[in-house]
Amino acid sequence: MSKMADVIRKYQADILADWMKEIPDSTRRSDLISESEFRGQCTQFLRALEEGSRESERAGDLSAPDWGAMRDVLSEVSRSRVQLGFTPTQVATFVFSVKSPIFNRLRRELGNEPEVLADETLRTSLLIDELGLYTTEIFQRSREEIIRLQQQEMLELSTPVIKLWEGILALPLIGTLDSARTQIVMETLLQKIVETGSSVAIIDITGVPTVDTLVAQHLIKTVTAARLMGADCIISGIRPQIAQTIVHLGVGLGDVTTKASLADAFLIALTRAGLVIAATSAKAS
Amino acid sequence: MERIPILKMGEFLLVSIQVDMHDRLALALQEDLTNRISETGARGVLIDISSLEIVDSFIGRMISNIAGMARIMDAETVVVGMRPAVAITLVELGLSMPGVRTALNVEKGMDLLRSISAGNRVARTQRDARKS
Amino acid sequence: MTPANLDKMPVRNSGDILLVRQTVRARAVELGFTLVDQTKIITAASELARNTVDYGGGGIVLFETLNDGARRGLRLTFEDHGPGIPDIQLALKDGWTSGGGLGLGLSGAKRLVNEFHIESKVGAGTKVVITRWK
């Protein structure tokens with residue numbers, strides 16, 4: 001790789017200029033990225049490319065320390081473009097389009113050594129390909145991370161905790177419960193328990209179609225955590241099918257109070273709070 | 001070395017743990033509490049951990065020890081103010097503190113201690129009545 | 001992966017355990033961990049630091065900030081040259097205790113983190129590596 005590194009060092013300014021011209025508008029997106037920022041990224045890329053290829057003779061073990069600077073540049077380039085709405089192809093093209101300017105300079109330097117030229121061109125091509133693919137990987141992962149964060153935000157917004165009475169909260173769960181959601185639910189409920197000083201929380205699962213071992217375990221963890229804090233949980237809305245599933249799974253609900261309906265659970269909660277519902281005397285006759 | 005202050009509130013003792021404790025401090029607290037319970041004949045101990053951001057197995061053990069020693073001296077222990085993040089972590093850690101009751105805050109903790117104390121008084125009265 | 005940051009601290013006594021907790025907190029906050037995740041990693045670190053002091057005869061902890069391109073993480077390595085653990089599988093089971101403790105330590109800490117790795121050789125020492133991703 002030393003030939004390519006030499007070529008980059010010698011012709012950096014020219015390669016930079018050609019590369020920036022080479023990049024198609026759809027990848028350049030001057031509407032999203034300023035001239036100076038773009039130039040900065042290209043310059044850093046070339047510098048990192050020279051640094052990384054100076055020592056390694058092979059088309060790159062990208063996890064080696066020599067390529068640290070390059071990995072940083074590509075991470076930065078990739079992640080910023082995910083936010084701006086680029087496509088993976090546009091981001092990869094940014095990298096691939098540096099081949100042409102470099103090949104031109106290689107030809108100029110090694111014109112009279114066709115064997116060496118062919119060799120260097122191949123190695124350079126393979127290396128740039130790897131860098132382009134690496135960029136795509138990062139792009140993918142960044143996108144997935146963003147989606148995950150958005151899902152989390154949605155979950156947080158859709159966990160309403162209702163105050164039924166002084167000291168009594170209700171959390172009606174609707175829809176499927178997966179691990180991530182159950183965790184958010186748990187944290188939100190516990191936080192509300194502290195904020196409202198409620199010693200009883202009713203978790204109603206009428207709207208939950210299926211309960212598997214994982215969900216059951218999460219529910220139990222929630223109840224245990226609430227108990228450690230000094231509050232009691234009652235699980236209501238357990239339909240016959242769910243009751244069967246729980247028994248079949250052999251999941252011990254232990255001494256968690258369970259009730260078929262939210263209304264029954266509310267009554268228990270009131271009793272625990274030392275309250276009673278009484279009819280008003282003498283209906284108007 | 002500073003020691004954690006123990007307040008007397010009626011027939012109960014209140015301890016508020018507000019610092020990250022190192023071993024010596026934790027041992028000193030256990031010692032001080034045992035002495036104070038003995039001196040005052042306190043019927044209950046309230047441990048306020050609302051300032052603690054971390055409760056590991058060491059602190060858990062300390063609290064269990066305190067509850068155990070208190071019970072031997074006829075006093076109940078209630079831990080109050082555990083933070084949600086701490087509770088979630090303790091459940092994951094698998095730490096339970098057997099023999100330790102909990103309440104959401106100092107006020108509810110006091111209520112709990114009073115009701116336990118009243119219950120004990122009734123039981124004691126009944127027992128004494130049966131003997132005579 | 002780029003280990004952006006490598007730091008080392010001694011873990012010899014209970015005062016060091018406090019420092020480890022403070023340092024882990026600072027790093028976790030810097031990395032933007034949620035409150036619950038912070039609490040989990042700090043607690044796990046506290047358990048492992050205590051093991052290092054109580055059973056390992058003292059040792060060190062290494063801090064690494066990780067960055068795999070899409071997410072950042074914190075990796076802690078606890079190392080000691082103590083007696084080592086003869087039966088790791090047994091040690092990882094819930095309820096195991098060798099010192100009369102509550103018998104949690106390793107298995108509990110393992111549940112608090114995303115990645116857990118342990119190596120131990122009797123007479124040579126123990127190394128535990130835990131990682132928590134944001």
# chains A, B, ... in the order shown; residues from 1 in each chain; ligands from 1
>>> closest_atom_pairs(of="stretch 88-123 of chain B", to="stretch 45-54 of chain C", cutoff="12 Å", atoms="only C-alpha atoms", output="CSV")
residue,atom,partner,partner_atom,distance
B:Leu90,CA,C:Glu47,CA,11.9
B:Leu93,CA,C:Glu47,CA,9.8
B:Leu95,CA,C:Glu47,CA,11.9
>>> write_last_selection(atoms="C-alpha atoms", output="PDB file, in the first residue's frame")
ATOM      1  CA  LEU B  90     -32.177  -4.751  43.478  1.00  0.00           C
ATOM      2  CA  LEU B  93     -29.569  -8.291  41.462  1.00  0.00           C
ATOM      3  CA  LEU B  95     -31.386  -9.070  46.561  1.00  0.00           C
TER       4      LEU B  95
END
>>> interface_residues(of="chain C", to="chain B", cutoff="10 Å", atoms="only C-alpha atoms", output="ChimeraX atom specification")
/C:13-18,21-22,34-47,50,94-95,101-112
>>> write_last_selection(atoms="C-alpha atoms", output="PDB file, in the first residue's frame")
ATOM      1  CA  ASN C  13      -9.970  -1.191  50.198  1.00  0.00           C
ATOM      2  CA  SER C  14     -13.450   0.118  50.910  1.00  0.00           C
ATOM      3  CA  GLY C  15     -12.396   3.692  50.183  1.00  0.00           C
ATOM      4  CA  ASP C  16     -11.389   2.583  46.683  1.00  0.00           C
ATOM      5  CA  ILE C  17     -14.816   0.980  46.208  1.00  0.00           C
ATOM      6  CA  LEU C  18     -16.423   4.378  46.777  1.00  0.00           C
ATOM      7  CA  ARG C  21     -18.590   3.992  42.115  1.00  0.00           C
ATOM      8  CA  GLN C  22     -18.053   7.715  41.655  1.00  0.00           C
ATOM      9  CA  THR C  34     -30.501   6.438  31.425  1.00  0.00           C
ATOM     10  CA  LEU C  35     -30.868   6.664  35.183  1.00  0.00           C
ATOM     11  CA  VAL C  36     -31.798   2.999  35.505  1.00  0.00           C
ATOM     12  CA  ASP C  37     -28.850   1.897  33.342  1.00  0.00           C
ATOM     13  CA  GLN C  38     -26.510   4.097  35.373  1.00  0.00           C
ATOM     14  CA  THR C  39     -27.755   2.546  38.583  1.00  0.00           C
ATOM     15  CA  LYS C  40     -27.316  -0.947  37.177  1.00  0.00           C
ATOM     16  CA  ILE C  41     -23.733  -0.539  36.011  1.00  0.00           C
ATOM     17  CA  ILE C  42     -22.651   1.317  39.146  1.00  0.00           C
ATOM     18  CA  THR C  43     -24.187  -1.379  41.337  1.00  0.00           C
ATOM     19  CA  ALA C  44     -22.587  -4.151  39.285  1.00  0.00           C
ATOM     20  CA  ALA C  45     -19.232  -2.376  39.554  1.00  0.00           C
ATOM     21  CA  SER C  46     -19.696  -2.014  43.293  1.00  0.00           C
ATOM     22  CA  GLU C  47     -20.333  -5.753  43.670  1.00  0.00           C
ATOM     23  CA  ARG C  50     -16.094  -5.605  46.639  1.00  0.00           C
ATOM     24  CA  ASP C  94     -27.692 -17.912  42.420  1.00  0.00           C
ATOM     25  CA  GLY C  95     -27.261 -18.353  46.112  1.00  0.00           C
ATOM     26  CA  GLY C 101     -22.487 -13.038  52.257  1.00  0.00           C
ATOM     27  CA  LEU C 102     -25.934 -12.924  50.714  1.00  0.00           C
ATOM     28  CA  GLY C 103     -24.506 -15.128  48.033  1.00  0.00           C
ATOM     29  CA  LEU C 104     -25.138 -12.867  45.059  1.00  0.00           C
ATOM     30  CA  GLY C 105     -22.112 -11.103  43.691  1.00  0.00           C
ATOM     31  CA  LEU C 106     -21.392 -12.656  40.315  1.00  0.00           C
ATOM     32  CA  SER C 107     -24.754 -13.950  39.172  1.00  0.00           C
ATOM     33  CA  GLY C 108     -26.452 -10.744  40.234  1.00  0.00           C
ATOM     34  CA  ALA C 109     -23.882  -8.526  38.577  1.00  0.00           C
ATOM     35  CA  LYS C 110     -24.202 -10.598  35.412  1.00  0.00           C
ATOM     36  CA  ARG C 111     -27.892  -9.786  35.149  1.00  0.00           C
ATOM     37  CA  LEU C 112     -27.224  -6.076  35.463  1.00  0.00           C
TER      38      LEU C 112
END
>>> interface_residues(of="chain A", to="chain C", cutoff="10 Å", atoms="only C-alpha atoms", output="list of chain:residue names")
A:Leu62, A:Ser63, A:Ala64, A:Pro65, A:Trp67, A:Gly68, A:Ala69, A:Arg71, A:Asp72, A:Leu74, A:Ser75, A:Glu76, A:Ser78, A:Arg79, A:Tyr134, A:Thr135, A:Glu137, A:Ile138, A:Phe139, A:Gln140, A:Arg141, A:Ser142, A:Arg143, A:Glu144, A:Glu145, A:Ile146, A:Glu187
>>> write_last_selection(atoms="C-alpha atoms", output="compact mmCIF listing (two decimals), in the first residue's frame")
# COMPACT_ATOMS: atom_id res chain seq x y z
CA LEU A 62 -9.92 -2.24 9.24
CA SER A 63 -9.97 -2.99 12.94
CA ALA A 64 -6.22 -2.39 13.22
CA PRO A 65 -5.13 0.71 15.16
CA TRP A 67 -7.17 2.64 10.66
CA GLY A 68 -8.48 4.30 13.83
CA ALA A 69 -8.61 7.74 12.26
CA ARG A 71 -12.98 4.59 11.28
CA ASP A 72 -13.64 7.83 13.12
CA LEU A 74 -16.39 7.22 8.35
CA SER A 75 -18.43 7.01 11.58
CA GLU A 76 -18.81 10.75 11.58
CA SER A 78 -22.14 8.10 8.10
CA ARG A 79 -23.90 9.17 11.24
CA TYR A 134 -17.88 -0.32 6.25
CA THR A 135 -19.62 3.00 5.77
CA GLU A 137 -22.64 -1.00 7.86
CA ILE A 138 -22.39 2.02 10.13
CA PHE A 139 -25.18 3.72 8.28
CA GLN A 140 -27.43 0.69 8.82
CA ARG A 141 -26.63 0.47 12.49
CA SER A 142 -27.18 4.17 13.03
CA ARG A 143 -30.56 3.97 11.37
CA GLU A 144 -31.56 1.02 13.52
CA GLU A 145 -30.48 2.91 16.60
CA ILE A 146 -32.61 5.89 15.66
CA GLU A 187 -40.19 2.35 35.26
>>> residues_around(residues="C:Gly59", least_positions_apart="2", cutoff="10 Å", atoms="only C-alpha atoms", output="VMD selection string")
chain C and resid 9 to 13 49 51 to 53 56 to 57 61 78 to 82 125 to 127
>>> write_last_selection(atoms="N, CA and C atoms", output="short mmCIF file (atom, residue, chain, number, x, y, z; two decimals), in the first residue's frame")
data_model
loop_
_atom_site.label_atom_id
_atom_site.label_comp_id
_atom_site.auth_asym_id
_atom_site.auth_seq_id
_atom_site.Cartn_x
_atom_site.Cartn_y
_atom_site.Cartn_z
N MET C 9 -7.63 2.11 37.83
CA MET C 9 -7.72 2.53 39.22
C MET C 9 -7.42 1.37 40.14
N PRO C 10 -6.80 1.64 41.29
CA PRO C 10 -6.56 0.54 42.23
C PRO C 10 -7.85 0.20 42.98
N VAL C 11 -8.01 -1.07 43.34
CA VAL C 11 -9.18 -1.49 44.13
C VAL C 11 -8.64 -2.31 45.29
N ARG C 12 -8.25 -1.60 46.37
CA ARG C 12 -7.60 -2.33 47.46
C ARG C 12 -8.40 -2.31 48.74
N ASN C 13 -9.25 -1.30 48.94
CA ASN C 13 -9.97 -1.19 50.20
C ASN C 13 -11.33 -0.54 49.97
N ALA C 49 -16.17 -4.80 42.60
CA ALA C 49 -15.07 -4.16 43.31
C ALA C 49 -14.96 -4.79 44.70
N ASN C 51 -15.85 -7.77 45.59
CA ASN C 51 -15.26 -9.11 45.44
C ASN C 51 -13.75 -9.02 45.34
N THR C 52 -13.29 -8.05 44.53
CA THR C 52 -11.86 -7.88 44.34
C THR C 52 -11.17 -7.59 45.68
N VAL C 53 -11.80 -6.76 46.49
CA VAL C 53 -11.21 -6.41 47.78
C VAL C 53 -11.32 -7.56 48.77
N GLY C 56 -10.29 -11.19 46.47
CA GLY C 56 -9.15 -11.19 45.57
C GLY C 56 -7.89 -10.61 46.17
N GLY C 57 -7.99 -10.14 47.42
CA GLY C 57 -6.81 -9.56 48.04
C GLY C 57 -6.43 -8.23 47.42
N VAL C 61 -9.03 -1.96 38.51
CA VAL C 61 -10.14 -1.94 37.58
C VAL C 61 -9.75 -1.06 36.40
N PHE C 78 -12.22 -5.99 36.00
CA PHE C 78 -11.72 -6.13 37.36
C PHE C 78 -10.72 -7.27 37.39
N GLU C 79 -9.51 -6.96 37.85
CA GLU C 79 -8.47 -7.99 37.86
C GLU C 79 -7.80 -8.09 39.22
N ASP C 80 -7.59 -9.32 39.68
CA ASP C 80 -6.82 -9.48 40.91
C ASP C 80 -5.91 -10.69 40.79
N HIS C 81 -4.93 -10.78 41.69
CA HIS C 81 -4.04 -11.94 41.70
C HIS C 81 -4.28 -12.72 42.97
N GLY C 82 -5.56 -12.91 43.29
CA GLY C 82 -5.92 -13.59 44.51
C GLY C 82 -5.97 -15.11 44.32
N GLY C 125 -5.40 -15.95 40.01
CA GLY C 125 -6.20 -14.74 40.12
C GLY C 125 -7.48 -14.81 39.31
N THR C 126 -8.22 -13.69 39.33
CA THR C 126 -9.51 -13.65 38.65
C THR C 126 -9.62 -12.39 37.82
N LYS C 127 -10.31 -12.51 36.68
CA LYS C 127 -10.57 -11.34 35.84
C LYS C 127 -12.04 -11.36 35.43
#
>>> closest_atom_pairs(of="chain A", to="chain B", cutoff="12 Å", atoms="only C-alpha atoms", output="CSV")
residue,atom,partner,partner_atom,distance
A:Gly167,CA,B:Leu104,CA,10.9
A:Gln183,CA,B:Ile88,CA,9.6
A:Ile184,CA,B:Ile88,CA,11.4
A:Met186,CA,B:Ile88,CA,8.6
A:Glu187,CA,B:Pro84,CA,7.0
A:Thr188,CA,B:Pro84,CA,9.2
A:Leu189,CA,B:Pro84,CA,9.1
A:Leu190,CA,B:Pro84,CA,5.6
A:Gln191,CA,B:Pro84,CA,6.1
A:Lys192,CA,B:Pro84,CA,9.5
A:Ile193,CA,B:Leu104,CA,8.4
A:Val194,CA,B:Leu104,CA,6.9
A:Glu195,CA,B:Leu104,CA,10.0
A:Thr196,CA,B:Leu104,CA,10.0
A:Gly197,CA,B:Leu104,CA,6.6
A:Ser198,CA,B:Leu104,CA,8.0
A:Ser199,CA,B:Leu104,CA,7.1
A:Val200,CA,B:Leu104,CA,10.7
A:Gln217,CA,B:Glu92,CA,11.2
A:His218,CA,B:Glu92,CA,10.4
A:Leu219,CA,B:Val91,CA,11.8
A:Ile220,CA,B:Val91,CA,9.8
A:Lys221,CA,B:Val91,CA,6.5
A:Thr222,CA,B:Ile88,CA,7.7
A:Val223,CA,B:Val91,CA,9.8
A:Thr224,CA,B:Val91,CA,6.8
A:Ala225,CA,B:Ala87,CA,5.0
A:Ala226,CA,B:Ala87,CA,7.3
A:Arg227,CA,B:Thr102,CA,7.4
A:Leu228,CA,B:Ala87,CA,6.2
A:Met229,CA,B:Met82,CA,5.1
A:Gly230,CA,B:Ala103,CA,3.8
A:Ala231,CA,B:Leu104,CA,6.7
A:Asp232,CA,B:Ala103,CA,9.9
A:Ala273,CA,B:Lys108,CA,11.7
>>> select_by_dssp(residues="chain B", states="alpha helix (DSSP H)", output="CSV table (one decimal) with N, CA and C atoms, in the first residue's frame")
chain,number,residue,atom,x,y,z
B,23,ASP,N,-17.1,1.1,54.7
B,23,ASP,CA,-17.3,0.1,55.6
B,23,ASP,C,-17.4,0.6,57.1
B,24,ARG,N,-16.4,1.4,57.5
B,24,ARG,CA,-16.3,1.8,58.9
B,24,ARG,C,-17.6,2.6,59.3
B,25,LEU,N,-18.0,3.4,58.4
B,25,LEU,CA,-19.2,4.2,58.7
B,25,LEU,C,-20.4,3.3,58.9
B,26,ALA,N,-20.6,2.3,58.0
B,26,ALA,CA,-21.7,1.3,58.1
B,26,ALA,C,-21.6,0.6,59.4
B,27,LEU,N,-20.4,0.1,59.8
B,27,LEU,CA,-20.3,-0.6,61.0
B,27,LEU,C,-20.6,0.2,62.2
B,28,ALA,N,-20.1,1.5,62.2
B,28,ALA,CA,-20.4,2.4,63.3
B,28,ALA,C,-21.9,2.6,63.4
B,29,LEU,N,-22.6,2.7,62.3
B,29,LEU,CA,-24.1,2.9,62.3
B,29,LEU,C,-24.8,1.8,63.0
B,30,GLN,N,-24.4,0.6,62.6
B,30,GLN,CA,-25.0,-0.6,63.2
B,30,GLN,C,-24.8,-0.6,64.7
B,31,GLU,N,-23.5,-0.3,65.1
B,31,GLU,CA,-23.2,-0.2,66.6
B,31,GLU,C,-24.0,0.9,67.3
B,32,ASP,N,-24.0,2.1,66.7
B,32,ASP,CA,-24.7,3.2,67.3
B,32,ASP,C,-26.2,2.9,67.5
B,33,LEU,N,-26.8,2.3,66.4
B,33,LEU,CA,-28.2,2.0,66.5
B,33,LEU,C,-28.6,1.0,67.6
B,34,THR,N,-27.7,0.0,67.6
B,34,THR,CA,-28.0,-1.1,68.7
B,34,THR,C,-27.9,-0.4,70.1
B,35,ASN,N,-26.9,0.4,70.3
B,35,ASN,CA,-26.8,1.1,71.5
B,35,ASN,C,-28.0,2.0,71.8
B,36,ARG,N,-28.4,2.8,70.8
B,36,ARG,CA,-29.5,3.7,71.1
B,36,ARG,C,-30.8,3.0,71.3
B,37,ILE,N,-31.1,1.9,70.6
B,37,ILE,CA,-32.3,1.1,70.9
B,37,ILE,C,-32.3,0.6,72.3
B,38,SER,N,-31.2,0.1,72.7
B,38,SER,CA,-31.1,-0.3,74.1
B,38,SER,C,-31.3,0.8,75.1
B,39,GLU,N,-30.6,1.9,74.9
B,39,GLU,CA,-30.7,3.1,75.8
B,39,GLU,C,-32.1,3.6,75.9
B,40,THR,N,-32.8,3.7,74.7
B,40,THR,CA,-34.1,4.4,74.7
B,40,THR,C,-35.3,3.4,74.8
B,57,SER,N,-25.2,-5.1,47.6
B,57,SER,CA,-25.4,-6.2,48.5
B,57,SER,C,-24.8,-5.9,49.9
B,58,PHE,N,-23.8,-5.0,49.9
B,58,PHE,CA,-23.2,-4.6,51.2
B,58,PHE,C,-24.2,-3.8,52.1
B,59,ILE,N,-24.8,-2.8,51.4
B,59,ILE,CA,-25.8,-2.0,52.1
B,59,ILE,C,-27.0,-2.9,52.5
B,60,GLY,N,-27.4,-3.8,51.6
B,60,GLY,CA,-28.5,-4.7,51.9
B,60,GLY,C,-28.2,-5.5,53.1
B,61,ARG,N,-27.0,-6.0,53.2
B,61,ARG,CA,-26.6,-6.8,54.4
B,61,ARG,C,-26.7,-6.0,55.6
B,62,MET,N,-26.2,-4.7,55.5
B,62,MET,CA,-26.2,-3.9,56.7
B,62,MET,C,-27.6,-3.7,57.2
B,63,ILE,N,-28.5,-3.4,56.3
B,63,ILE,CA,-29.9,-3.2,56.6
B,63,ILE,C,-30.5,-4.4,57.3
B,64,SER,N,-30.2,-5.6,56.7
B,64,SER,CA,-30.7,-6.8,57.2
B,64,SER,C,-30.2,-7.0,58.6
B,65,ASN,N,-28.9,-6.8,58.8
B,65,ASN,CA,-28.3,-6.9,60.1
B,65,ASN,C,-29.0,-6.0,61.1
B,66,ILE,N,-29.2,-4.8,60.8
B,66,ILE,CA,-29.9,-3.8,61.7
B,66,ILE,C,-31.2,-4.3,62.0
B,67,ALA,N,-32.0,-4.8,61.0
B,67,ALA,CA,-33.3,-5.3,61.3
B,67,ALA,C,-33.3,-6.5,62.3
B,68,GLY,N,-32.3,-7.4,62.1
B,68,GLY,CA,-32.1,-8.6,62.9
B,68,GLY,C,-31.8,-8.2,64.3
B,69,MET,N,-30.8,-7.3,64.5
B,69,MET,CA,-30.5,-6.9,65.9
B,69,MET,C,-31.6,-6.1,66.5
B,70,ALA,N,-32.3,-5.3,65.8
B,70,ALA,CA,-33.4,-4.6,66.3
B,70,ALA,C,-34.5,-5.5,66.8
B,71,ARG,N,-34.8,-6.5,66.0
B,71,ARG,CA,-35.9,-7.5,66.4
B,71,ARG,C,-35.5,-8.2,67.7
B,72,ILE,N,-34.2,-8.5,67.9
B,72,ILE,CA,-33.8,-9.2,69.1
B,72,ILE,C,-34.1,-8.3,70.3
B,84,PRO,N,-37.0,4.3,42.6
B,84,PRO,CA,-37.4,3.3,41.6
B,84,PRO,C,-36.2,2.6,41.0
B,85,ALA,N,-35.2,3.4,40.5
B,85,ALA,CA,-34.1,2.8,39.9
B,85,ALA,C,-33.4,1.8,40.8
B,86,VAL,N,-33.3,2.2,42.1
B,86,VAL,CA,-32.7,1.3,43.0
B,86,VAL,C,-33.5,0.0,43.2
B,87,ALA,N,-34.8,0.2,43.3
B,87,ALA,CA,-35.7,-1.0,43.4
B,87,ALA,C,-35.5,-2.0,42.2
B,88,ILE,N,-35.6,-1.4,41.0
B,88,ILE,CA,-35.4,-2.2,39.8
B,88,ILE,C,-34.1,-2.9,39.8
B,89,THR,N,-33.0,-2.2,40.2
B,89,THR,CA,-31.7,-2.8,40.2
B,89,THR,C,-31.6,-4.0,41.3
B,90,LEU,N,-32.2,-3.7,42.4
B,90,LEU,CA,-32.2,-4.8,43.5
B,90,LEU,C,-32.9,-6.0,43.1
B,91,VAL,N,-34.0,-5.8,42.4
B,91,VAL,CA,-34.8,-7.0,41.9
B,91,VAL,C,-33.9,-7.8,40.9
B,92,GLU,N,-33.3,-7.1,40.0
B,92,GLU,CA,-32.4,-7.7,39.0
B,92,GLU,C,-31.2,-8.4,39.7
B,93,LEU,N,-30.7,-7.8,40.7
B,93,LEU,CA,-29.6,-8.3,41.5
B,93,LEU,C,-30.0,-9.5,42.2
B,106,VAL,N,-41.3,8.6,55.0
B,106,VAL,CA,-41.2,8.7,56.5
B,106,VAL,C,-42.6,8.7,57.1
B,107,GLU,N,-43.5,9.5,56.6
B,107,GLU,CA,-44.8,9.5,57.2
B,107,GLU,C,-45.5,8.2,57.2
B,108,LYS,N,-45.5,7.5,56.1
B,108,LYS,CA,-46.1,6.2,56.0
B,108,LYS,C,-45.4,5.2,56.8
B,109,GLY,N,-44.1,5.4,56.9
B,109,GLY,CA,-43.3,4.5,57.7
B,109,GLY,C,-43.6,4.6,59.2
B,110,MET,N,-43.8,5.8,59.6
B,110,MET,CA,-44.2,6.0,61.0
B,110,MET,C,-45.6,5.4,61.3
B,111,ASP,N,-46.5,5.6,60.3
B,111,ASP,CA,-47.9,5.0,60.5
B,111,ASP,C,-47.7,3.5,60.6
B,112,LEU,N,-46.9,2.9,59.8
B,112,LEU,CA,-46.7,1.4,59.8
B,112,LEU,C,-46.1,1.0,61.2
B,113,LEU,N,-45.1,1.7,61.6
B,113,LEU,CA,-44.5,1.4,62.9
B,113,LEU,C,-45.5,1.5,64.0
B,114,ARG,N,-46.3,2.5,64.0
B,114,ARG,CA,-47.3,2.7,65.0
B,114,ARG,C,-48.3,1.6,65.0
B,115,SER,N,-48.8,1.1,63.8
B,115,SER,CA,-49.8,0.1,63.8
B,115,SER,C,-49.2,-1.2,64.2
B,116,ILE,N,-47.9,-1.5,63.9
B,116,ILE,CA,-47.2,-2.7,64.3
B,116,ILE,C,-47.1,-2.7,65.8
B,117,SER,N,-46.7,-1.5,66.3
B,117,SER,CA,-46.5,-1.3,67.8
B,117,SER,C,-47.8,-1.5,68.5
B,118,ALA,N,-48.9,-1.0,68.0
B,118,ALA,CA,-50.2,-1.1,68.6
B,118,ALA,C,-50.6,-2.6,68.6
B,119,GLY,N,-50.4,-3.2,67.5
B,119,GLY,CA,-50.7,-4.6,67.4
B,119,GLY,C,-49.9,-5.4,68.4
B,120,ASN,N,-48.6,-5.1,68.6
B,120,ASN,CA,-47.8,-5.8,69.5
B,120,ASN,C,-48.3,-5.6,71.0
B,121,ARG,N,-48.7,-4.3,71.2
B,121,ARG,CA,-49.2,-4.0,72.5
B,121,ARG,C,-50.5,-4.8,72.8
B,122,VAL,N,-51.4,-4.9,71.9
B,122,VAL,CA,-52.6,-5.6,72.1
B,122,VAL,C,-52.3,-7.1,72.4
B,123,ALA,N,-51.4,-7.6,71.5
B,123,ALA,CA,-51.0,-9.1,71.7
B,123,ALA,C,-50.4,-9.3,73.1
B,124,ARG,N,-49.5,-8.3,73.5
B,124,ARG,CA,-48.9,-8.4,74.8
B,124,ARG,C,-50.0,-8.4,75.9
B,125,THR,N,-50.9,-7.4,75.8
B,125,THR,CA,-52.0,-7.3,76.8
B,125,THR,C,-52.8,-8.6,76.9
B,126,GLN,N,-53.1,-9.1,75.7
B,126,GLN,CA,-53.9,-10.3,75.7
B,126,GLN,C,-53.2,-11.5,76.4
B,127,ARG,N,-51.8,-11.5,76.1
B,127,ARG,CA,-51.0,-12.6,76.6
B,127,ARG,C,-50.9,-12.5,78.1
B,128,ASP,N,-50.7,-11.2,78.6
B,128,ASP,CA,-50.6,-11.0,80.0
B,128,ASP,C,-52.0,-11.3,80.7
B,129,ALA,N,-53.1,-10.9,80.0
B,129,ALA,CA,-54.4,-11.2,80.6
B,129,ALA,C,-54.6,-12.7,80.7
B,130,ARG,N,-54.1,-13.5,79.7
B,130,ARG,CA,-54.3,-14.9,79.8
B,130,ARG,C,-53.5,-15.5,81.0
B,131,LYS,N,-52.4,-14.9,81.2
B,131,LYS,CA,-51.5,-15.5,82.3
B,131,LYS,C,-52.1,-15.3,83.7
>>> atom_distance(atom1="atom CA of A:Thr280", atom2="atom CA of A:Ile234")
28.3 Å
>>> closest_residue(among="A:Cys42, A:Met4, A:Ile168, A:Leu49", to="A:Asp119", atoms="only C-alpha atoms")
A:Met4
>>> closest_residue(among="C:Ala91, C:Trp133, C:Ile85, C:Leu31", to="C:Ser120", atoms="only C-alpha atoms")
C:Ile85
>>> residues_around(residues="B:Met9", least_positions_apart="3", cutoff="10 Å", atoms="only C-alpha atoms", output="PyMOL selection string")
chain B and resi 6+12-14+42+44-46+110
>>> write_last_selection(atoms="N, CA and C atoms", output="tab-separated table (two decimals), in the first residue's frame")
chain	number	residue	atom	x	y	z
B	6	ILE	N	-28.63	9.81	64.60
B	6	ILE	CA	-29.86	9.04	64.87
B	6	ILE	C	-30.81	9.94	65.65
B	12	PHE	N	-39.81	5.91	68.52
B	12	PHE	CA	-39.07	5.34	67.38
B	12	PHE	C	-37.79	6.10	67.14
B	13	LEU	N	-36.88	5.47	66.41
B	13	LEU	CA	-35.63	6.11	66.02
B	13	LEU	C	-35.63	6.31	64.51
B	14	LEU	N	-35.10	7.44	64.08
B	14	LEU	CA	-35.06	7.73	62.64
B	14	LEU	C	-33.61	7.93	62.20
B	42	ALA	N	-36.46	1.96	72.37
B	42	ALA	CA	-37.28	2.27	71.19
B	42	ALA	C	-37.96	1.02	70.66
B	44	GLY	N	-39.21	0.93	67.51
B	44	GLY	CA	-39.10	0.83	66.05
B	44	GLY	C	-37.97	1.68	65.51
B	45	VAL	N	-37.46	1.26	64.36
B	45	VAL	CA	-36.39	2.00	63.68
B	45	VAL	C	-36.83	2.29	62.26
B	46	LEU	N	-36.67	3.56	61.88
B	46	LEU	CA	-37.02	3.97	60.51
B	46	LEU	C	-35.73	4.31	59.78
B	110	MET	N	-43.83	5.81	59.61
B	110	MET	CA	-44.23	6.03	61.01
B	110	MET	C	-45.57	5.37	61.28
>>> atom_distance(atom1="atom CA of A:Met154", atom2="atom CA of A:Gly237")
24.2 Å
>>> residues_around(residues="stretch 19-28 of chain A", least_positions_apart="4", cutoff="12 Å", atoms="only C-alpha atoms", output="PyMOL selection string")
chain A and resi 11-15+32-43+45-46+81+85-105
